[in-house]
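With mmCIF, C-alpha atoms inside, this is run.cif:
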data_query
loop_
_atom_site.label_atom_id
_atom_site.label_comp_id
_atom_site.auth_asym_id
_atom_site.auth_seq_id
_atom_site.Cartn_x
_atom_site.Cartn_y
_atom_site.Cartn_z
CA MET A 10 -12.63 22.89 0.75
CA ARG A 11 -13.05 20.64 3.75
CA VAL A 12 -9.49 19.89 4.84
CA ILE A 13 -8.57 17.13 7.30
CA VAL A 14 -5.23 17.81 9.01
CA ALA A 15 -3.95 14.44 10.25
CA PRO A 16 -0.17 14.34 10.77
CA ASP A 17 2.04 11.94 12.69
CA SER A 18 4.67 13.35 15.06
CA PHE A 19 7.67 15.18 13.58
CA GLY A 20 10.43 13.17 15.24
CA GLU A 21 11.57 14.76 18.48
CA THR A 22 10.56 18.28 17.46
CA LEU A 23 6.74 18.21 17.41
CA THR A 24 4.14 15.80 18.68
CA ALA A 25 1.31 14.85 16.35
CA VAL A 26 -1.02 17.11 18.31
CA GLU A 27 1.41 20.05 18.07
CA ALA A 28 2.03 19.45 14.37
CA ALA A 29 -1.69 19.32 13.64
CA GLU A 30 -2.24 22.60 15.48
CA SER A 31 0.59 24.32 13.57
CA ILE A 32 -0.55 23.11 10.16
CA SER A 33 -4.18 24.00 10.87
CA ALA A 34 -3.29 27.50 12.07
CA GLY A 35 -1.18 28.20 8.98
CA TRP A 36 -3.72 26.76 6.55
CA ARG A 37 -6.55 28.79 8.06
CA ARG A 38 -4.58 31.99 7.57
CA GLY A 39 -3.77 31.08 3.99
CA ARG A 40 -7.29 29.93 3.09
CA PRO A 41 -9.72 31.30 5.69
CA GLU A 42 -12.70 30.11 3.65
CA ASP A 43 -11.76 26.43 4.10
CA ASP A 44 -13.28 24.18 6.74
CA VAL A 45 -10.22 22.81 8.55
CA VAL A 46 -10.58 19.82 10.88
CA THR A 47 -7.67 18.86 13.15
CA ALA A 48 -7.25 15.09 13.64
CA PRO A 49 -3.70 14.14 14.77
CA GLN A 50 -2.69 10.54 14.08
CA SER A 51 -0.11 7.96 15.13
CA ASP A 52 1.12 4.58 13.91
CA GLY A 53 2.05 3.41 17.40
CA GLY A 54 5.21 5.48 17.81
CA PRO A 55 5.79 8.71 19.76
CA GLY A 56 2.54 10.49 20.54
CA PHE A 57 0.41 7.33 20.45
CA VAL A 58 -1.09 7.92 23.90
CA ASP A 59 -1.70 11.66 23.43
CA VAL A 60 -3.44 11.08 20.11
CA LEU A 61 -5.63 8.29 21.49
CA ALA A 62 -6.51 10.45 24.50
CA THR A 63 -8.19 12.98 22.19
CA ALA A 64 -11.00 10.41 21.93
CA GLY A 65 -11.36 9.97 25.71
CA GLY A 66 -9.95 7.88 28.51
CA ASP A 67 -7.83 8.60 31.57
CA ILE A 68 -4.14 9.38 31.12
CA ARG A 69 -2.10 7.94 33.98
CA THR A 70 1.59 8.16 34.81
CA ALA A 71 3.93 5.51 36.19
CA ARG A 72 7.56 5.77 37.27
CA VAL A 73 9.45 3.10 35.33
CA PRO A 74 13.06 2.42 34.30
CA GLY A 75 14.18 4.52 31.38
CA PRO A 76 16.23 3.04 28.53
CA LEU A 77 19.52 3.46 30.42
CA THR A 78 19.92 4.08 34.16
CA VAL A 79 17.55 6.95 34.95
CA GLY A 80 13.89 6.37 35.78
CA VAL A 81 11.21 8.17 33.77
CA ASP A 82 7.59 9.18 34.29
CA ALA A 83 5.76 7.37 31.50
CA ALA A 84 2.18 8.14 30.49
CA TRP A 85 -0.32 5.45 29.55
CA LEU A 86 -4.03 5.56 28.80
CA LEU A 87 -6.78 3.67 30.62
CA ASP A 88 -10.14 3.52 28.86
CA SER A 89 -12.66 1.17 30.47
CA ASP A 90 -10.97 -2.25 30.55
CA THR A 91 -8.33 -1.41 27.93
CA ALA A 92 -4.83 -0.04 28.50
CA TYR A 93 -2.92 1.75 25.77
CA ILE A 94 0.84 1.80 26.27
CA GLU A 95 3.35 3.75 24.20
CA SER A 96 6.76 2.09 24.16
CA ALA A 97 8.44 5.41 23.36
CA GLU A 98 7.25 6.75 26.73
CA ALA A 99 9.71 4.35 28.39
CA VAL A 100 12.37 3.75 25.73
CA GLY A 101 12.05 6.67 23.31
CA LEU A 102 15.05 8.22 21.64
CA GLY A 103 14.24 11.49 23.35
CA LEU A 104 14.90 9.90 26.75
CA LEU A 105 18.62 9.47 26.12
CA GLY A 106 19.39 13.02 27.18
CA GLY A 107 21.34 13.66 23.99
CA PRO A 108 22.10 12.17 20.56
CA PRO A 109 22.23 8.36 20.42
CA THR A 110 25.70 6.84 20.57
CA ARG A 111 27.28 3.45 20.11
CA ASP A 112 27.29 2.98 23.87
CA SER A 113 23.62 3.89 24.26
CA ALA A 114 22.69 1.61 21.35
CA LEU A 115 24.34 -1.33 23.12
CA ALA A 116 23.04 -0.50 26.60
CA ALA A 117 19.43 0.58 26.00
CA HIS A 118 16.76 -1.86 27.18
CA SER A 119 12.98 -2.27 27.19
CA CYS A 120 12.45 -2.95 30.93
CA GLY A 121 10.26 0.14 31.29
CA VAL A 122 7.76 -1.19 28.78
CA GLY A 123 7.47 -4.40 30.79
CA GLU A 124 6.82 -2.41 33.94
CA LEU A 125 4.11 -0.39 32.20
CA ILE A 126 2.44 -3.67 31.26
CA ALA A 127 2.69 -4.75 34.91
CA VAL A 128 1.04 -1.50 36.02
CA ALA A 129 -1.77 -2.02 33.52
CA LEU A 130 -2.27 -5.58 34.74
CA GLU A 131 -2.55 -4.30 38.31
CA ALA A 132 -5.34 -1.98 37.11
CA GLY A 133 -7.35 -5.05 36.13
CA VAL A 134 -7.55 -4.46 32.39
CA LYS A 135 -8.60 -7.14 29.93
CA THR A 136 -6.85 -5.73 26.85
CA ILE A 137 -3.39 -4.17 26.55
CA VAL A 138 -2.44 -2.40 23.34
CA VAL A 139 1.27 -1.60 23.05
CA GLY A 140 2.25 1.02 20.50
CA LEU A 141 5.63 0.25 18.96
CA GLY A 142 7.99 2.79 17.44
CA GLY A 143 10.52 5.51 18.16
CA SER A 144 12.60 3.38 20.52
CA CYS A 145 16.31 3.70 21.27
CA CYS A 146 16.72 0.04 22.24
CA THR A 147 17.44 -3.07 20.17
CA ASP A 148 17.14 -5.76 22.82
CA GLY A 149 14.46 -7.89 21.17
CA GLY A 150 12.12 -7.13 24.05
CA ARG A 151 14.27 -9.09 26.49
CA GLY A 152 14.08 -6.27 29.04
CA LEU A 153 10.28 -6.25 28.80
CA VAL A 154 10.12 -9.98 29.52
CA GLU A 155 12.65 -9.77 32.37
CA ALA A 156 10.69 -6.93 33.99
CA LEU A 157 7.72 -9.32 34.14
CA GLY A 158 9.81 -12.00 35.83
CA GLY A 159 11.04 -13.97 32.82
CA LEU A 160 9.26 -15.84 30.04
CA GLU A 161 7.37 -18.29 32.22
CA ALA A 162 6.17 -15.63 34.66
CA ALA A 163 5.37 -13.16 31.88
CA THR A 164 3.31 -15.76 30.05
CA ALA A 165 1.38 -16.57 33.22
CA ALA A 166 0.84 -12.89 34.05
CA THR A 167 -0.63 -12.13 30.63
CA ALA A 168 -2.71 -15.32 30.32
CA GLY A 169 -6.30 -14.37 29.56
CA ILE A 170 -5.26 -10.85 28.52
CA ALA A 171 -5.77 -9.73 24.93
CA LEU A 172 -2.34 -8.39 23.97
CA VAL A 173 -2.01 -6.26 20.86
CA ALA A 174 1.24 -5.18 19.22
CA ALA A 175 0.28 -1.96 17.44
CA THR A 176 2.73 -1.28 14.64
CA ASP A 177 2.85 -0.57 10.93
CA VAL A 178 6.48 -1.65 10.72
CA GLU A 179 6.76 -4.95 8.85
CA HIS A 180 10.40 -5.74 9.65
CA VAL A 181 11.31 -9.08 11.21
CA LEU A 182 13.71 -9.41 14.13
CA LEU A 183 16.83 -10.76 12.40
CA GLY A 184 18.77 -10.44 9.16
CA GLU A 185 19.25 -7.68 6.63
CA HIS A 186 15.66 -6.50 7.12
CA GLY A 187 15.77 -6.94 10.89
CA ALA A 188 15.78 -4.62 13.88
CA ALA A 189 19.56 -4.26 14.27
CA ALA A 190 20.48 -3.94 10.59
CA VAL A 191 17.72 -1.51 9.61
CA PHE A 192 17.15 0.58 12.72
CA GLY A 193 20.39 0.11 14.69
CA PRO A 194 22.30 2.83 12.78
CA GLN A 195 19.48 5.29 13.50
CA LYS A 196 20.01 4.55 17.19
CA GLY A 197 23.75 5.22 17.19
CA ALA A 198 25.04 1.73 16.35
CA ASP A 199 28.08 1.47 14.09
CA ALA A 200 28.76 -1.66 12.03
CA ASP A 201 30.40 -3.50 14.94
CA ALA A 202 27.58 -2.61 17.30
CA VAL A 203 24.99 -3.77 14.78
CA ALA A 204 26.78 -7.13 14.65
CA VAL A 205 26.74 -7.39 18.46
CA LEU A 206 23.04 -6.51 18.64
CA GLU A 207 22.23 -9.01 15.88
CA ALA A 208 24.08 -11.78 17.70
CA ARG A 209 22.30 -10.98 20.98
CA ASN A 210 18.92 -11.03 19.31
CA ALA A 211 19.72 -14.29 17.51
CA ARG A 212 20.41 -15.96 20.87
CA TRP A 213 17.26 -14.41 22.33
CA ALA A 214 15.23 -15.61 19.35
CA GLU A 215 16.37 -19.17 20.05
CA GLN A 216 15.09 -18.86 23.62
CA LEU A 217 11.76 -17.50 22.43
CA GLU A 218 11.36 -20.29 19.89
CA SER A 219 12.30 -22.93 22.45
CA ALA A 220 9.73 -21.59 24.91
CA THR A 221 6.89 -21.03 22.47
CA GLY A 222 7.49 -23.50 19.65
CA LYS A 223 7.02 -20.60 17.22
CA ARG A 224 9.53 -18.66 15.14
CA VAL A 225 8.20 -15.37 16.40
CA SER A 226 11.36 -13.64 15.17
CA ASP A 227 10.09 -14.19 11.62
CA PHE A 228 6.69 -12.63 12.23
CA PRO A 229 6.11 -9.34 10.35
CA GLY A 230 6.53 -6.59 12.94
CA ALA A 231 8.80 -8.66 15.19
CA GLY A 232 11.55 -6.10 14.65
CA ALA A 233 9.37 -3.14 15.63
CA ALA A 234 10.65 -0.94 18.47
CA GLY A 235 13.99 -2.72 18.58
CA GLY A 236 12.40 -6.16 18.60
CA ILE A 237 9.80 -5.56 21.31
CA GLY A 238 7.35 -6.93 18.77
CA ALA A 239 9.04 -10.35 18.96
CA ALA A 240 8.68 -10.48 22.75
CA LEU A 241 5.00 -9.53 22.58
CA PHE A 242 4.34 -12.18 19.94
CA ALA A 243 6.01 -14.74 22.22
CA LEU A 244 3.49 -13.75 24.89
CA GLY A 245 0.64 -14.35 22.48
CA ALA A 246 0.06 -10.84 21.15
CA GLN A 247 -1.76 -10.23 17.91
CA ARG A 248 -0.37 -7.65 15.52
CA ARG A 249 -2.57 -4.77 14.48
CA SER A 250 -1.81 -1.67 12.47
CA GLY A 251 -1.11 1.16 14.89
CA ALA A 252 -2.59 3.59 12.38
CA ASP A 253 -5.78 1.52 12.31
CA VAL A 254 -6.03 1.54 16.10
CA VAL A 255 -5.90 5.32 16.06
CA ALA A 256 -8.16 5.59 13.02
CA ASP A 257 -10.90 3.61 14.73
CA ARG A 258 -10.80 5.69 17.91
CA THR A 259 -10.69 9.03 16.10
CA GLY A 260 -13.44 8.29 13.56
CA GLN A 261 -11.04 8.65 10.67
CA ALA A 262 -13.25 6.92 8.08
CA ALA A 263 -16.10 9.39 8.55
CA LEU A 264 -13.68 12.32 8.38
CA LEU A 265 -12.12 11.10 5.14
CA ALA A 266 -15.52 10.48 3.59
CA SER A 267 -16.34 14.16 4.10
CA ALA A 268 -12.97 15.57 2.98
CA ASP A 269 -11.78 17.36 -0.13
CA LEU A 270 -8.14 17.21 0.91
CA VAL A 271 -6.09 15.33 3.51
CA ILE A 272 -2.94 16.89 4.92
CA THR A 273 -0.58 14.60 6.79
CA GLY A 274 3.09 14.66 7.70
CA GLU A 275 6.06 13.27 9.62
CA GLY A 276 9.65 14.08 10.48
CA LYS A 277 11.20 12.55 7.37
CA PHE A 278 9.43 11.41 4.22
CA ASP A 279 11.70 8.77 2.73
CA HIS A 280 11.62 5.21 1.43
CA GLN A 281 10.76 3.94 4.91
CA SER A 282 7.57 6.00 4.62
CA LEU A 283 6.46 3.83 1.70
CA ARG A 284 6.71 0.64 3.78
CA GLY A 285 3.45 0.85 5.67
CA LYS A 286 4.10 4.01 7.70
CA LEU A 287 1.28 6.31 8.65
CA VAL A 288 1.50 8.86 5.85
CA THR A 289 1.08 6.29 3.10
CA THR A 290 -1.47 4.29 5.09
CA LEU A 291 -3.52 7.46 5.47
CA ALA A 292 -3.07 8.34 1.81
CA SER A 293 -4.39 4.91 0.85
CA ALA A 294 -7.40 5.35 3.13
CA GLY A 295 -8.06 8.73 1.57
CA ALA A 296 -7.74 7.30 -1.93
CA ALA A 297 -10.58 4.89 -1.15
CA HIS A 298 -12.78 7.97 -0.81
CA GLY A 299 -11.27 9.71 -3.84
CA VAL A 300 -9.47 12.24 -1.64
CA PRO A 301 -5.96 13.51 -2.53
CA THR A 302 -3.23 13.79 0.10
CA LEU A 303 -0.67 16.52 0.74
CA VAL A 304 2.40 15.66 2.83
CA PHE A 305 4.43 18.04 4.99
CA ALA A 306 7.69 16.67 6.39
CA GLY A 307 10.75 17.97 8.16
CA GLN A 308 12.79 16.55 5.30
CA VAL A 309 11.70 15.06 1.97
CA THR A 310 14.10 12.70 0.21
CA LEU A 311 11.70 11.20 -2.36
CA ASP A 312 10.86 12.42 -5.84
CA ALA A 313 7.33 12.49 -7.20
CA ALA A 314 8.09 9.35 -9.20
CA ASP A 315 8.75 7.46 -5.96
CA TYR A 316 5.20 7.95 -4.70
CA SER A 317 3.39 8.21 -8.06
CA SER A 318 1.40 5.05 -7.33
CA THR A 319 -0.18 6.66 -4.24
CA SER A 320 -2.79 9.40 -3.90
CA ILE A 321 -0.13 11.82 -2.64
CA VAL A 322 -0.27 14.85 -4.92
CA ALA A 323 2.54 16.92 -3.43
CA THR A 324 5.16 16.99 -0.66
CA LYS A 325 6.52 20.03 1.13
CA SER A 326 9.77 20.20 3.11
CA VAL A 327 9.96 22.27 6.29
CA THR A 328 13.76 22.32 6.00
CA GLU A 329 13.63 23.82 2.51
CA PHE A 330 11.11 26.41 3.67
CA ALA A 331 13.19 27.27 6.75
CA GLY A 332 16.45 27.45 4.84
CA SER A 333 18.36 25.14 7.18
CA VAL A 334 17.95 22.01 9.26
CA GLU A 335 18.91 23.97 12.37
CA ARG A 336 16.15 26.55 11.97
CA ALA A 337 13.63 23.90 10.96
CA MET A 338 14.27 22.11 14.26
CA GLU A 339 14.75 25.11 16.55
CA GLU A 340 11.64 26.89 15.24
CA ALA A 341 9.72 23.79 14.24
CA SER A 342 6.23 25.00 15.07
CA ALA A 343 6.63 28.43 13.48
CA CYS A 344 8.27 27.03 10.35
CA LEU A 345 5.62 24.36 9.86
CA GLU A 346 2.88 26.92 10.38
CA GLY A 347 4.52 29.27 7.88
CA LEU A 348 4.93 26.50 5.32
CA ALA A 349 1.26 25.55 5.70
CA GLU A 350 0.17 29.16 5.18
CA HIS A 351 2.42 29.57 2.13
CA THR A 352 1.17 26.31 0.62
CA ALA A 353 -2.47 27.20 1.27
CA ARG A 354 -2.10 30.55 -0.46
CA GLU A 355 -0.72 28.96 -3.61
CA TRP A 356 -3.09 25.98 -3.64
CA LYS A 357 -4.89 25.60 -6.95
CA ILE A 358 -8.16 24.03 -7.96
CA TRP A 359 -8.01 20.29 -7.36
CA ARG A 360 -10.68 17.78 -8.39
CA GLY A 361 -13.43 20.34 -8.45
CA ALA A 362 -12.64 21.95 -5.10
CA ARG A 363 -12.60 25.71 -5.55
CA SER A 364 -9.52 27.60 -4.36
#
Taking this structure as input, can you express it in the form of structure tokens?
Amino acid sequence: MRVIVAPDSFGETLTAVEAAESISAGWRRGRPEDDVVTAPQSDGGPGFVDVLATAGGDIRTARVPGPLTVGVDAAWLLDSDTAYIESAEAVGLGLLGGPPTRDSALAAHSCGVGELIAVALEAGVKTIVVGLGGSCCTDGGRGLVEALGGLEAATAATAGIALVAATDVEHVLLGEHGAAAVFGPQKGADADAVAVLEARNARWAEQLESATGKRVSDFPGAGAAGGIGAALFALGAQRRSGADVVADRTGQAALLASADLVITGEGKFDHQSLRGKLVTTLASAGAAHGVPTLVFAGQVTLDAADYSSTSIVATKSVTEFAGSVERAMEEASACLEGLAEHTAREWKIWRGARS
């Protein structure tokens, strides 16, 4: 078989590039006769810049404010007159220095993302693509705007620049499907903190609407990366699928057209995965070419019936293979590689592809 290995990152344990290397190494040992092509992917979250850089460009680093008080060295990609920025490089969960807490959920801000945009502007780019996902903040992008000097200054600074909010998250900024309610608990917020964050974002949304005349908080994707999407939309950004941005640069369509099997993966395969995240987006793209998809994930919480309408034919849990969450995280690369080898060895004939 010709196998395309195209995973997203596995949370904070493996980047997409590392995950792709582990899966490919294991699969090659299990089925050495297969033609295995490594093509790491991203939907705009952690690993966005590294994945895009596999197709060329110049990775640069800028010292910007982290999500709390400590500065961080954030990577961004310059390719001709286009800058690719990964919000997680400045406000990622992994930059907290430990597990997220109620205090960090309330204090985290997006100033670093604004400063990365400023750095890109200084480089003279004409297009800025901001990958959204994996953030620890829920400030509605207020920090981003303030880092650019406020709404008026930020609007002037980005005038004439093609801004793109790269995300596959469809959540709006406010309400039960908004940034605070849906993602706040994942970032350490308890019920009271979620209410505080929601109230802050509601006030911020009023300012954005007053300044722009648009209810950007209601735009699909406004709640991405803690609401950074809303701020970008207020500055005139267009939303584009992060997975599509990566797919175009990595020649994904041609790869899928030549494949017999697609292997993808992520940290946790759950109901959020079915709402436009990379694994299901990739499975849909593969289905258009009649190619089945196999999913590896750190944890799998869905049954086959949950994804029966997709082209996903099987899911494999690294945690189950490892025997514990602790081992799955501490030995992430080795466990994923072992799971890939084990799965490859037991793989049966599928749609005419000989095992």
Compile a residue-level contact table for segment 216-295 of chain A against segment 18-40 of chain A at a cut-off of 12 Å, reporting for every qualifying residue the shortest atom pair and its distance in Å to one decimal, with only C-alpha atoms counted, rows ordered by chain and ascending number, as JSON lines.
{"residue": "A:Val255", "atom": "CA", "partner": "A:Ala25", "partner_atom": "CA", "distance": 12.0}
{"residue": "A:Leu270", "atom": "CA", "partner": "A:Trp36", "partner_atom": "CA", "distance": 11.9}
{"residue": "A:Val271", "atom": "CA", "partner": "A:Ser33", "partner_atom": "CA", "distance": 11.5}
{"residue": "A:Ile272", "atom": "CA", "partner": "A:Ile32", "partner_atom": "CA", "distance": 8.5}
{"residue": "A:Thr273", "atom": "CA", "partner": "A:Ala29", "partner_atom": "CA", "distance": 8.4}
{"residue": "A:Gly274", "atom": "CA", "partner": "A:Phe19", "partner_atom": "CA", "distance": 7.5}
{"residue": "A:Glu275", "atom": "CA", "partner": "A:Phe19", "partner_atom": "CA", "distance": 4.7}
{"residue": "A:Gly276", "atom": "CA", "partner": "A:Phe19", "partner_atom": "CA", "distance": 3.8}
{"residue": "A:Lys277", "atom": "CA", "partner": "A:Phe19", "partner_atom": "CA", "distance": 7.6}
{"residue": "A:Phe278", "atom": "CA", "partner": "A:Phe19", "partner_atom": "CA", "distance": 10.2}
{"residue": "A:Lys286", "atom": "CA", "partner": "A:Ser18", "partner_atom": "CA", "distance": 11.9}
{"residue": "A:Leu287", "atom": "CA", "partner": "A:Ser18", "partner_atom": "CA", "distance": 10.1}
{"residue": "A:Val288", "atom": "CA", "partner": "A:Ser18", "partner_atom": "CA", "distance": 10.7}
Students should find that atom CA of Gln261 of chain A and atom CA of Ala129 of chain A are spaced 26.9 Å
Taken to one decimal, the atom CA of Thr290 of chain A-atom CA of Gly123 of chain A distance is 28.6 Å
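In this comparison, which uses only C-alpha atoms, the residue of A:Glu98, A:Leu183, A:Gly251, A:Val327 approaching Arg69 of chain A most closely is A:Glu98.
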Could you state which residues are captured by the PyMOL selection byres ((chain A and resi 90) around 6) in this file, as a ChimeraX atom specification?
/A:89,91,134-135
Just so the selection is clear, what residues does the PyMOL selection byres ((chain A and resi 150) around 9) cover here, as a PDB file with C-alpha atoms, in the coordinates of the input?
ATOM      1  CA  HIS A 118      16.760  -1.860  27.180  1.00  0.00           C
ATOM      2  CA  SER A 119      12.980  -2.270  27.190  1.00  0.00           C
ATOM      3  CA  CYS A 120      12.450  -2.950  30.930  1.00  0.00           C
ATOM      4  CA  VAL A 122       7.760  -1.190  28.780  1.00  0.00           C
ATOM      5  CA  GLY A 123       7.470  -4.400  30.790  1.00  0.00           C
ATOM      6  CA  CYS A 146      16.720   0.040  22.240  1.00  0.00           C
ATOM      7  CA  THR A 147      17.440  -3.070  20.170  1.00  0.00           C
ATOM      8  CA  ASP A 148      17.140  -5.760  22.820  1.00  0.00           C
ATOM      9  CA  GLY A 149      14.460  -7.890  21.170  1.00  0.00           C
ATOM     10  CA  ARG A 151      14.270  -9.090  26.490  1.00  0.00           C
ATOM     11  CA  GLY A 152      14.080  -6.270  29.040  1.00  0.00           C
ATOM     12  CA  LEU A 153      10.280  -6.250  28.800  1.00  0.00           C
ATOM     13  CA  VAL A 154      10.120  -9.980  29.520  1.00  0.00           C
ATOM     14  CA  GLU A 155      12.650  -9.770  32.370  1.00  0.00           C
ATOM     15  CA  ALA A 234      10.650  -0.940  18.470  1.00  0.00           C
ATOM     16  CA  GLY A 235      13.990  -2.720  18.580  1.00  0.00           C
ATOM     17  CA  GLY A 236      12.400  -6.160  18.600  1.00  0.00           C
ATOM     18  CA  ILE A 237       9.800  -5.560  21.310  1.00  0.00           C
ATOM     19  CA  GLY A 238       7.350  -6.930  18.770  1.00  0.00           C
ATOM     20  CA  ALA A 239       9.040 -10.350  18.960  1.00  0.00           C
ATOM     21  CA  ALA A 240       8.680 -10.480  22.750  1.00  0.00           C
ATOM     22  CA  LEU A 241       5.000  -9.530  22.580  1.00  0.00           C
TER      23      LEU A 241
END
* Step by step, work through what the PyMOL selection byres ((chain A and resi 66) around 9) selects in the shown file, and finish by giving those residues as an MDAnalysis selection string. => chainID A and resid 61:65 67:68 86:89
Counting all atoms listed in the file, closest pick from A:Ala292, A:Val45, A:Ala168, A:Val73 relative to Ser317 of chain A is A:Ala292
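If you measure from each of A:Ala117, A:Ala220, A:Leu182, A:Leu141 to Gly197 of chain A using all atoms listed in the file, the closest one turns out to be A:Ala117.
Neighbourhood of point (1.8, -12.7, 32.2): residues with an atom at most 6 Å away, counting all atoms listed in the file, are Ala162, Ala163, Thr164, Ala165, Ala166, Thr167 and Ala168 of chain A.
Distances from A:Ser326, A:Ser219, A:Thr78, A:Ser250 to Ser113 of chain A were compared using all atoms listed in the file, and the smallest one belongs to A:Thr78.
Proximity ranking of A:Ile170, A:Ile13, A:Ala296, A:Ala116 relative to Ala198 of chain A places A:Ala116 first, based on all atoms listed in the file.
Pairwise distance (atom CA of Leu303 of chain A, atom CA of Ala349 of chain A) equals 10.5 Å.
Nearest to Gln195 of chain A of all the residues A:Thr221, A:Thr110, A:Ser333, A:Ser267 is A:Thr110, based on all atoms listed in the file.
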The residues within 9 Å of (6.3, -6.4, 8.9), using all atoms listed in the file and the coordinates of the file, should be reported as a JSON list (two decimals) with C-alpha atoms, in the frame of the given file; which are they?
[["chain", "number", "residue", "atom", "x", "y", "z"],
["A", 176, "THR", "CA", 2.73, -1.28, 14.64],
["A", 177, "ASP", "CA", 2.85, -0.57, 10.93],
["A", 178, "VAL", "CA", 6.48, -1.65, 10.72],
["A", 179, "GLU", "CA", 6.76, -4.95, 8.85],
["A", 180, "HIS", "CA", 10.40, -5.74, 9.65],
["A", 181, "VAL", "CA", 11.31, -9.08, 11.21],
["A", 228, "PHE", "CA", 6.69, -12.63, 12.23],
["A", 229, "PRO", "CA", 6.11, -9.34, 10.35],
["A", 230, "GLY", "CA", 6.53, -6.59, 12.94],
["A", 231, "ALA", "CA", 8.80, -8.66, 15.19],
["A", 232, "GLY", "CA", 11.55, -6.10, 14.65],
["A", 233, "ALA", "CA", 9.37, -3.14, 15.63],
["A", 284, "ARG", "CA", 6.71, 0.64, 3.78],
["A", 285, "GLY", "CA", 3.45, 0.85, 5.67]]
Next on the checklist: So that I can see what lies close to Val322 of chain A, please list as a list in words the residues with an atom at most 9 Å from it, counting all atoms listed in the file and leaving out residues fewer than 2 positions away in the same chain.
Outcome noted: Pro301, Thr302, Leu303, Val304, Ala313, Tyr316, Ser317, Thr319, Ser320 and Thr324 of chain A
